[in-house]
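Peer 1: This structure is in structure tokens; I'll ask about it shortly.
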Amino acid sequence: MCGLIFAGVKIAVNTRLLIPQKLEGIGWFTREIFYRLVRQHPEVEWLFLFDRPVDPRLDLPEGLQVEVLPPPTRHPLLWYLWFEQRLPRFLAQKGVELLVSPDGFAPLKGPVPALPVIHDLNFEHQPQNVPWLTGRYLRYFFPRIAHQAPHLATVSDFSRQDLHQTYGLPLHKISVVPNGVGEHFQPSTSAAIQSYRQKHTAGKPFFIFIGALNPRKNLEGLLSSYQLYREQGYQAHLLIVGEVMFGAGPVKKQYRRHPFRSDIHFTGRLDGSELREALAAAQALWFVSHYEGFGIPIIEAFRCGVPVITAQNSSMPEIAGEAAWCCPSHDTTAITEAMIQSEDPAQRARRIKAGRARAEYFTWEKAAQHMWEAIQKALPS
């Protein structure tokens with residue numbers, strides 16, 4: 001019956017962040033959820049919208065239409081041109097009944113309703129952590145997009161409450177569509193762990209950080225807590241995985257002065273099997289951000305059998321539950337104590353067991369189901 005109801009309904013998906021080798025959190029969210037929905041709901045006419053030629057490595061599912069609307073949109077002026085000028089006319093011409101936008105952007109003009117996914121409001125609460133023009137664009141458009149949309153989605157109950165409190169949106173208008181984690185995130189064998197450590201950290205255990213090198217991620221707190229940890233006689237190294245982003249200058253300066261910088265290793269961005277291999281070989285994940293809308297590395301670590309040190313603010317306690325050490329992100333002493341506790345085999349075993357159970361709550365199959373429910377709420381009656 002459901003298939004008959006939605007037969008012929010045309011739904012467009014903003015897929016401009018599906019870029020091979022550069023899939024950040026929103027890109028993975030888009031890929032994992034909408035590849036599934038295209039396969040699960042062939043009765044729908046799915047239309048994927050790109051702003052650049054489609055890379056064949058994306059391996060798009062069968063049974064969908066693809067449209068490319070240049071130019072590539074990586075600047076606020078081009079965002080405006082694409083979303084407010086090109087996209088509304090195109091959607092109207094194609095007879096689209098709903099636009100789903102996993103990155104939160106949607107036209108304010110035009111006759112087609114949108115379901116935006118606003119992952120977090122970091123740009124509202126920590127404006128210093130985004131470029132000035134980007135922040136100004138987001139703070140102007142996103143509240144208007146949110147109020148105009150018939151329904152919207154976000155990735156955690158924390159972000160749902162934040163949207164309610166910050167933008168005054170009714171809670172019934174916001175669905176929670178949590179992130180999932182790829183099936184390839186699995187524990188490594190003891191031999192594989194030792195091999196990785198021998199190759200990358202002179203055989204030593206290591207803490208791993210995963211994320212953009214941005215002030216929101218608390219890299220200064222990471223380097224400070226690592227220094228205190230080492231000054232108490234502990235020997236684990238530190239692996240920092242991620243690309244340098246806006247505002248990383250103070251971290252670079254702190255690193256150059258760090259007394260243990262020879263044991264701090266920057267890998268740059270890692271994806272797929274490389275990321276899983278690095279994460280599964282870690283002593284613990286260090287993920288004590290000042291603000292997160294979700295915090296995907298927490299669940300990735302749980303699936304790899306790696307204990308987690310995270311923050312007790314924003315969404316992180318909701319995602320980690322009782323499975324992680326949760327510390328105030330500005331309390332270097334508390335963070336250092338958690339790092340020391342990660343040396344204890346009994347505490348590690350308890351956190352790892354709890355983490356594996358917690359990870360079962362977050363799968364892409366469940367995320368796709370939640371997104372389909374949100375789509376039904378957003379479609380015109």
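Chain labels run A, B, ... following the order of the structure tokens; each chain numbers its residues from 1, and ligands are numbered from 1 in the order shown.
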Residues near Glu84 of chain A, anyone? I mean within 7 Å using only C-alpha atoms, not counting same-chain ones fewer than 4 positions away, as JSON, numbers by chain.
Peer 2: {"A": [80, 88, 107, 108, 109]}
Peer 1: Would you please give, as a VMD selection string, all residues of segment 181-307 of chain A that DSSP assigns to strand (DSSP E or B) based on the backbone?
Peer 2: chain A and resid 206 to 210 213 237 to 241 244 264 to 268 284 to 287
Peer 1: For the residues selected in the previous step, produce a file with C-alpha atoms as an mmCIF file, in the first residue's frame.
Peer 2:
```cif
data_model
loop_
_atom_site.group_PDB
_atom_site.id
_atom_site.type_symbol
_atom_site.label_atom_id
_atom_site.label_comp_id
_atom_site.auth_asym_id
_atom_site.auth_seq_id
_atom_site.Cartn_x
_atom_site.Cartn_y
_atom_site.Cartn_z
ATOM 1 C CA PHE A 206 48.769 5.890 21.132
ATOM 2 C CA PHE A 207 45.782 8.133 21.644
ATOM 3 C CA ILE A 208 43.988 9.098 18.448
ATOM 4 C CA PHE A 209 42.126 12.286 17.596
ATOM 5 C CA ILE A 210 39.880 12.340 14.503
ATOM 6 C CA LEU A 213 41.949 20.916 13.010
ATOM 7 C CA HIS A 237 52.096 8.620 21.646
ATOM 8 C CA LEU A 238 49.464 10.843 20.003
ATOM 9 C CA LEU A 239 48.064 10.444 16.479
ATOM 10 C CA ILE A 240 46.154 13.421 15.034
ATOM 11 C CA VAL A 241 43.975 12.544 12.034
ATOM 12 C CA VAL A 244 43.950 21.812 8.866
ATOM 13 C CA ILE A 264 52.911 13.629 18.181
ATOM 14 C CA HIS A 265 52.119 12.402 14.672
ATOM 15 C CA PHE A 266 49.951 14.184 12.097
ATOM 16 C CA THR A 267 48.537 11.869 9.436
ATOM 17 C CA GLY A 268 46.351 14.305 7.510
ATOM 18 C CA ALA A 284 41.750 5.338 23.210
ATOM 19 C CA LEU A 285 39.953 7.942 21.123
ATOM 20 C CA TRP A 286 40.440 11.516 22.392
ATOM 21 C CA PHE A 287 37.345 13.459 21.307
#
```
Peer 1: Can you measure atom CA of Gln128 of chain A to atom CA of Pro215 of chain A for me? One decimal in Å is fine.
Peer 2: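 Separating atom CA of Gln128 of chain A from atom CA of Pro215 of chain A is a distance of 8.7 Å.
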Peer 1: What separation in Å, quoted to one decimal, exists between atom CA of Ala378 of chain A and atom CA of Ile296 of chain A?
Peer 2: 26.0 Å
Peer 1: Any idea what's packed within 6 Å of segment 173-177 of chain A, counting only C-alpha atoms, ignoring anything in its chain fewer than 5 positions away? Could you give it as a ChimeraX atom specification?
Peer 2: /A:151-156,367,370-371
Peer 1: Take the residues from that selection and write them out as a CSV table (one decimal), in the first residue's frame, keeping C-alpha atoms.
Peer 2:
```csv
chain,number,residue,atom,x,y,z
A,151,HIS,CA,9.4,19.9,8.4
A,152,LEU,CA,13.2,19.5,9.1
A,153,ALA,CA,15.6,17.0,10.5
A,154,THR,CA,18.7,17.0,12.7
A,155,VAL,CA,21.0,14.3,14.0
A,156,SER,CA,20.6,14.3,17.8
A,367,ALA,CA,18.9,6.3,10.0
A,370,HIS,CA,14.0,7.8,10.4
A,371,MET,CA,14.7,9.8,7.2
```
Peer 1: Pro178 of chain A: which residues within 12 Å, counting only C-alpha atoms, same-chain residues fewer than 4 positions away excluded, as a PyMOL selection string?
Peer 2: chain A and resi 25-26+29+32-33+117-119+153-160+293-296+299+315+318-319+359+361-371
Peer 1: How would the residues just picked look written out with N, CA and C atoms as an mmCIF file, in the first residue's frame?
Peer 2:
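selection-v7.cif, written as the output of this step:
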```cif
data_model
loop_
_atom_site.group_PDB
_atom_site.id
_atom_site.type_symbol
_atom_site.label_atom_id
_atom_site.label_comp_id
_atom_site.auth_asym_id
_atom_site.auth_seq_id
_atom_site.Cartn_x
_atom_site.Cartn_y
_atom_site.Cartn_z
ATOM 1 N N GLY A 25 31.402 14.355 7.169
ATOM 2 C CA GLY A 25 30.251 13.785 7.853
ATOM 3 C C GLY A 25 28.957 13.898 7.061
ATOM 4 N N ILE A 26 28.689 15.070 6.478
ATOM 5 C CA ILE A 26 27.438 15.262 5.739
ATOM 6 C C ILE A 26 27.453 14.441 4.454
ATOM 7 N N PHE A 29 26.612 10.942 5.437
ATOM 8 C CA PHE A 29 25.191 10.940 5.793
ATOM 9 C C PHE A 29 24.334 10.843 4.526
ATOM 10 N N GLU A 32 25.045 7.223 2.626
ATOM 11 C CA GLU A 32 24.554 6.012 3.277
ATOM 12 C C GLU A 32 23.039 5.988 3.380
ATOM 13 N N ILE A 33 22.439 7.119 3.627
ATOM 14 C CA ILE A 33 20.977 7.145 3.787
ATOM 15 C C ILE A 33 20.269 7.089 2.444
ATOM 16 N N VAL A 117 18.213 19.316 6.485
ATOM 17 C CA VAL A 117 18.818 18.635 7.630
ATOM 18 C C VAL A 117 19.853 19.590 8.214
ATOM 19 N N ILE A 118 19.552 20.172 9.362
ATOM 20 C CA ILE A 118 20.473 21.097 10.021
ATOM 21 C C ILE A 118 21.179 20.318 11.121
ATOM 22 N N HIS A 119 22.425 19.987 10.901
ATOM 23 C CA HIS A 119 23.146 19.073 11.786
ATOM 24 C C HIS A 119 23.469 19.704 13.139
ATOM 25 N N ALA A 153 14.965 18.097 9.783
ATOM 26 C CA ALA A 153 15.598 17.007 10.516
ATOM 27 C C ALA A 153 16.920 17.471 11.083
ATOM 28 N N THR A 154 17.362 16.761 12.118
ATOM 29 C CA THR A 154 18.680 16.980 12.692
ATOM 30 C C THR A 154 19.173 15.635 13.225
ATOM 31 N N VAL A 155 20.401 15.604 13.770
ATOM 32 C CA VAL A 155 21.041 14.308 14.016
ATOM 33 C C VAL A 155 21.053 13.872 15.477
ATOM 34 N N SER A 156 20.584 14.696 16.385
ATOM 35 C CA SER A 156 20.572 14.319 17.797
ATOM 36 C C SER A 156 19.448 15.054 18.498
ATOM 37 N N ASP A 157 19.055 14.541 19.646
ATOM 38 C CA ASP A 157 18.031 15.245 20.420
ATOM 39 C C ASP A 157 18.586 16.558 20.954
ATOM 40 N N PHE A 158 19.901 16.599 21.240
ATOM 41 C CA PHE A 158 20.505 17.867 21.644
ATOM 42 C C PHE A 158 20.275 18.934 20.579
ATOM 43 N N SER A 159 20.563 18.598 19.316
ATOM 44 C CA SER A 159 20.388 19.584 18.246
ATOM 45 C C SER A 159 18.916 19.920 18.035
ATOM 46 N N ARG A 160 18.043 18.947 18.244
ATOM 47 C CA ARG A 160 16.601 19.219 18.144
ATOM 48 C C ARG A 160 16.178 20.257 19.181
ATOM 49 N N GLY A 293 27.352 18.469 17.136
ATOM 50 C CA GLY A 293 25.959 18.135 16.881
ATOM 51 C C GLY A 293 25.694 16.645 17.003
ATOM 52 N N PHE A 294 26.764 15.843 16.812
ATOM 53 C CA PHE A 294 26.639 14.392 16.965
ATOM 54 C C PHE A 294 27.959 13.801 17.493
ATOM 55 N N GLY A 295 28.974 13.716 16.656
ATOM 56 C CA GLY A 295 30.248 13.134 17.074
ATOM 57 C C GLY A 295 30.432 11.718 16.558
ATOM 58 N N ILE A 296 30.473 11.561 15.235
ATOM 59 C CA ILE A 296 30.566 10.238 14.616
ATOM 60 C C ILE A 296 31.769 9.426 15.093
ATOM 61 N N ILE A 299 31.141 6.744 17.859
ATOM 62 C CA ILE A 299 30.533 5.461 17.508
ATOM 63 C C ILE A 299 31.500 4.603 16.695
ATOM 64 N N SER A 315 26.039 17.367 22.350
ATOM 65 C CA SER A 315 25.446 16.059 22.056
ATOM 66 C C SER A 315 26.253 14.879 22.563
ATOM 67 N N GLU A 318 24.883 12.359 25.114
ATOM 68 C CA GLU A 318 23.745 11.652 24.522
ATOM 69 C C GLU A 318 24.225 10.512 23.626
ATOM 70 N N ILE A 319 25.249 10.750 22.840
ATOM 71 C CA ILE A 319 25.742 9.735 21.910
ATOM 72 C C ILE A 319 26.533 8.661 22.650
ATOM 73 N N ALA A 359 26.968 1.122 20.412
ATOM 74 C CA ALA A 359 27.046 1.292 18.968
ATOM 75 C C ALA A 359 25.866 0.678 18.237
ATOM 76 N N TYR A 361 22.872 1.112 18.727
ATOM 77 C CA TYR A 361 21.792 2.083 18.571
ATOM 78 C C TYR A 361 21.940 2.905 17.295
ATOM 79 N N PHE A 362 23.125 2.893 16.693
ATOM 80 C CA PHE A 362 23.406 3.813 15.592
ATOM 81 C C PHE A 362 23.836 3.029 14.350
ATOM 82 N N THR A 363 22.878 2.793 13.468
ATOM 83 C CA THR A 363 23.163 2.113 12.204
ATOM 84 C C THR A 363 22.573 2.940 11.069
ATOM 85 N N TRP A 364 23.138 2.767 9.872
ATOM 86 C CA TRP A 364 22.607 3.501 8.725
ATOM 87 C C TRP A 364 21.229 2.981 8.326
ATOM 88 N N GLU A 365 20.942 1.716 8.619
ATOM 89 C CA GLU A 365 19.607 1.195 8.333
ATOM 90 C C GLU A 365 18.551 1.934 9.155
ATOM 91 N N LYS A 366 18.840 2.138 10.431
ATOM 92 C CA LYS A 366 17.908 2.881 11.281
ATOM 93 C C LYS A 366 17.820 4.342 10.832
ATOM 94 N N ALA A 367 18.951 4.903 10.440
ATOM 95 C CA ALA A 367 18.950 6.300 9.984
ATOM 96 C C ALA A 367 18.082 6.463 8.746
ATOM 97 N N ALA A 368 18.177 5.529 7.804
ATOM 98 C CA ALA A 368 17.359 5.610 6.593
ATOM 99 C C ALA A 368 15.867 5.517 6.929
ATOM 100 N N GLN A 369 15.537 4.661 7.887
ATOM 101 C CA GLN A 369 14.131 4.538 8.299
ATOM 102 C C GLN A 369 13.625 5.852 8.892
ATOM 103 N N HIS A 370 14.431 6.470 9.757
ATOM 104 C CA HIS A 370 14.029 7.752 10.354
ATOM 105 C C HIS A 370 13.893 8.841 9.285
ATOM 106 N N MET A 371 14.794 8.833 8.299
ATOM 107 C CA MET A 371 14.716 9.841 7.241
ATOM 108 C C MET A 371 13.461 9.655 6.404
#
```
Peer 1: Between A:Pro307, A:Pro317, A:Pro328, A:Pro76, which one has atoms that come closest to Ala354 of chain A, using only C-alpha atoms?
Peer 2: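 Using only C-alpha atoms, the shortest distance to Ala354 of chain A belongs to A:Pro307.
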Peer 1: Using only C-alpha atoms, determine which residues lie at most 9 Å from Met339 of chain A, disregarding the query and same-chain residues fewer than 3 positions distant; provide the list as a list in words.
Peer 2: Phe207, Ser225, Tyr226, Tyr229, Ala284, Trp286, Ile309, Trp325, Ala334, Ile335, Thr336, Ser342 and Glu343 of chain A
Peer 1: Take the residues from that selection and put them in a file with C-alpha atoms, as a short mmCIF file (atom, residue, chain, number, x, y, z; two decimals), in the first residue's frame.
Peer 2:
```cif
data_model
loop_
_atom_site.label_atom_id
_atom_site.label_comp_id
_atom_site.auth_asym_id
_atom_site.auth_seq_id
_atom_site.Cartn_x
_atom_site.Cartn_y
_atom_site.Cartn_z
CA PHE A 207 45.78 8.13 21.64
CA SER A 225 46.28 17.31 28.35
CA TYR A 226 48.76 15.18 26.44
CA TYR A 229 49.80 12.95 30.78
CA ALA A 284 41.75 5.34 23.21
CA TRP A 286 40.44 11.52 22.39
CA ILE A 309 37.34 10.04 26.15
CA TRP A 325 34.81 8.98 30.05
CA ALA A 334 40.00 15.93 34.36
CA ILE A 335 40.84 15.05 30.76
CA THR A 336 44.35 14.01 31.77
CA SER A 342 42.62 4.43 29.95
CA GLU A 343 45.87 2.64 30.92
#
```
Peer 1: Using DSSP assignments from the backbone, pull out every residue in segment 164-330 of chain A that falls under alpha helix (DSSP H) and give it to me as a PyMOL selection string.
Peer 2: chain A and resi 164-167+190-200+219-231+249-257+272-280+296-303+316-320
Peer 1: Suppose you want the space between atom CA of Leu18 of chain A and atom CA of Gln376 of chain A; what is it in Å?
Peer 2: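 Taking atom CA of Leu18 of chain A as the start and atom CA of Gln376 of chain A as the end point, the length is 23.7 Å.
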Peer 1: If you count only C-alpha atoms, which residues fall within 12 Å of Tyr255 of chain A, apart from same-chain ones fewer than 4 positions away, as a ChimeraX atom specification?
Peer 2: /A:219-224,226-227,238,240,248-251,259-266
Peer 1: With distances taken over only C-alpha atoms, which of A:Gln194, A:Gln347, A:Ser329, A:Asn179 is nearest to Pro297 of chain A?
Peer 2: A:Asn179
Peer 1: Tell me which protein, DNA and RNA residues are within 10 Å of Lys22 of chain A, counting only C-alpha atoms, leaving out same-chain ones fewer than 5 positions away, and put them as a short mmCIF file (atom, residue, chain, number, x, y, z; two decimals) with C-alpha atoms, in the first residue's frame.
Peer 2:
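Saved as part_2.cif:
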```
data_model
loop_
_atom_site.label_atom_id
_atom_site.label_comp_id
_atom_site.auth_asym_id
_atom_site.auth_seq_id
_atom_site.Cartn_x
_atom_site.Cartn_y
_atom_site.Cartn_z
CA LEU A 17 28.70 17.09 -1.09
CA GLY A 27 28.72 13.51 2.62
CA TRP A 28 28.62 10.12 4.35
CA ARG A 269 43.01 13.04 6.33
CA LEU A 270 42.37 9.27 6.39
CA ASP A 271 39.39 7.47 4.86
#
```
Peer 1: My list of candidates is A:Val68, A:Leu121, A:Leu279, A:Leu98. Which is closest to Tyr291 of chain A when distances are computed with only C-alpha atoms?
Peer 2: A:Leu121
Peer 1: Taking only C-alpha atoms into account, name the residue in A:Leu275, A:Asn14, A:Glu97, A:Leu115 that is nearest to Leu69 of chain A.
Peer 2: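 With only C-alpha atoms as the atom set, the closest residue is A:Asn14.
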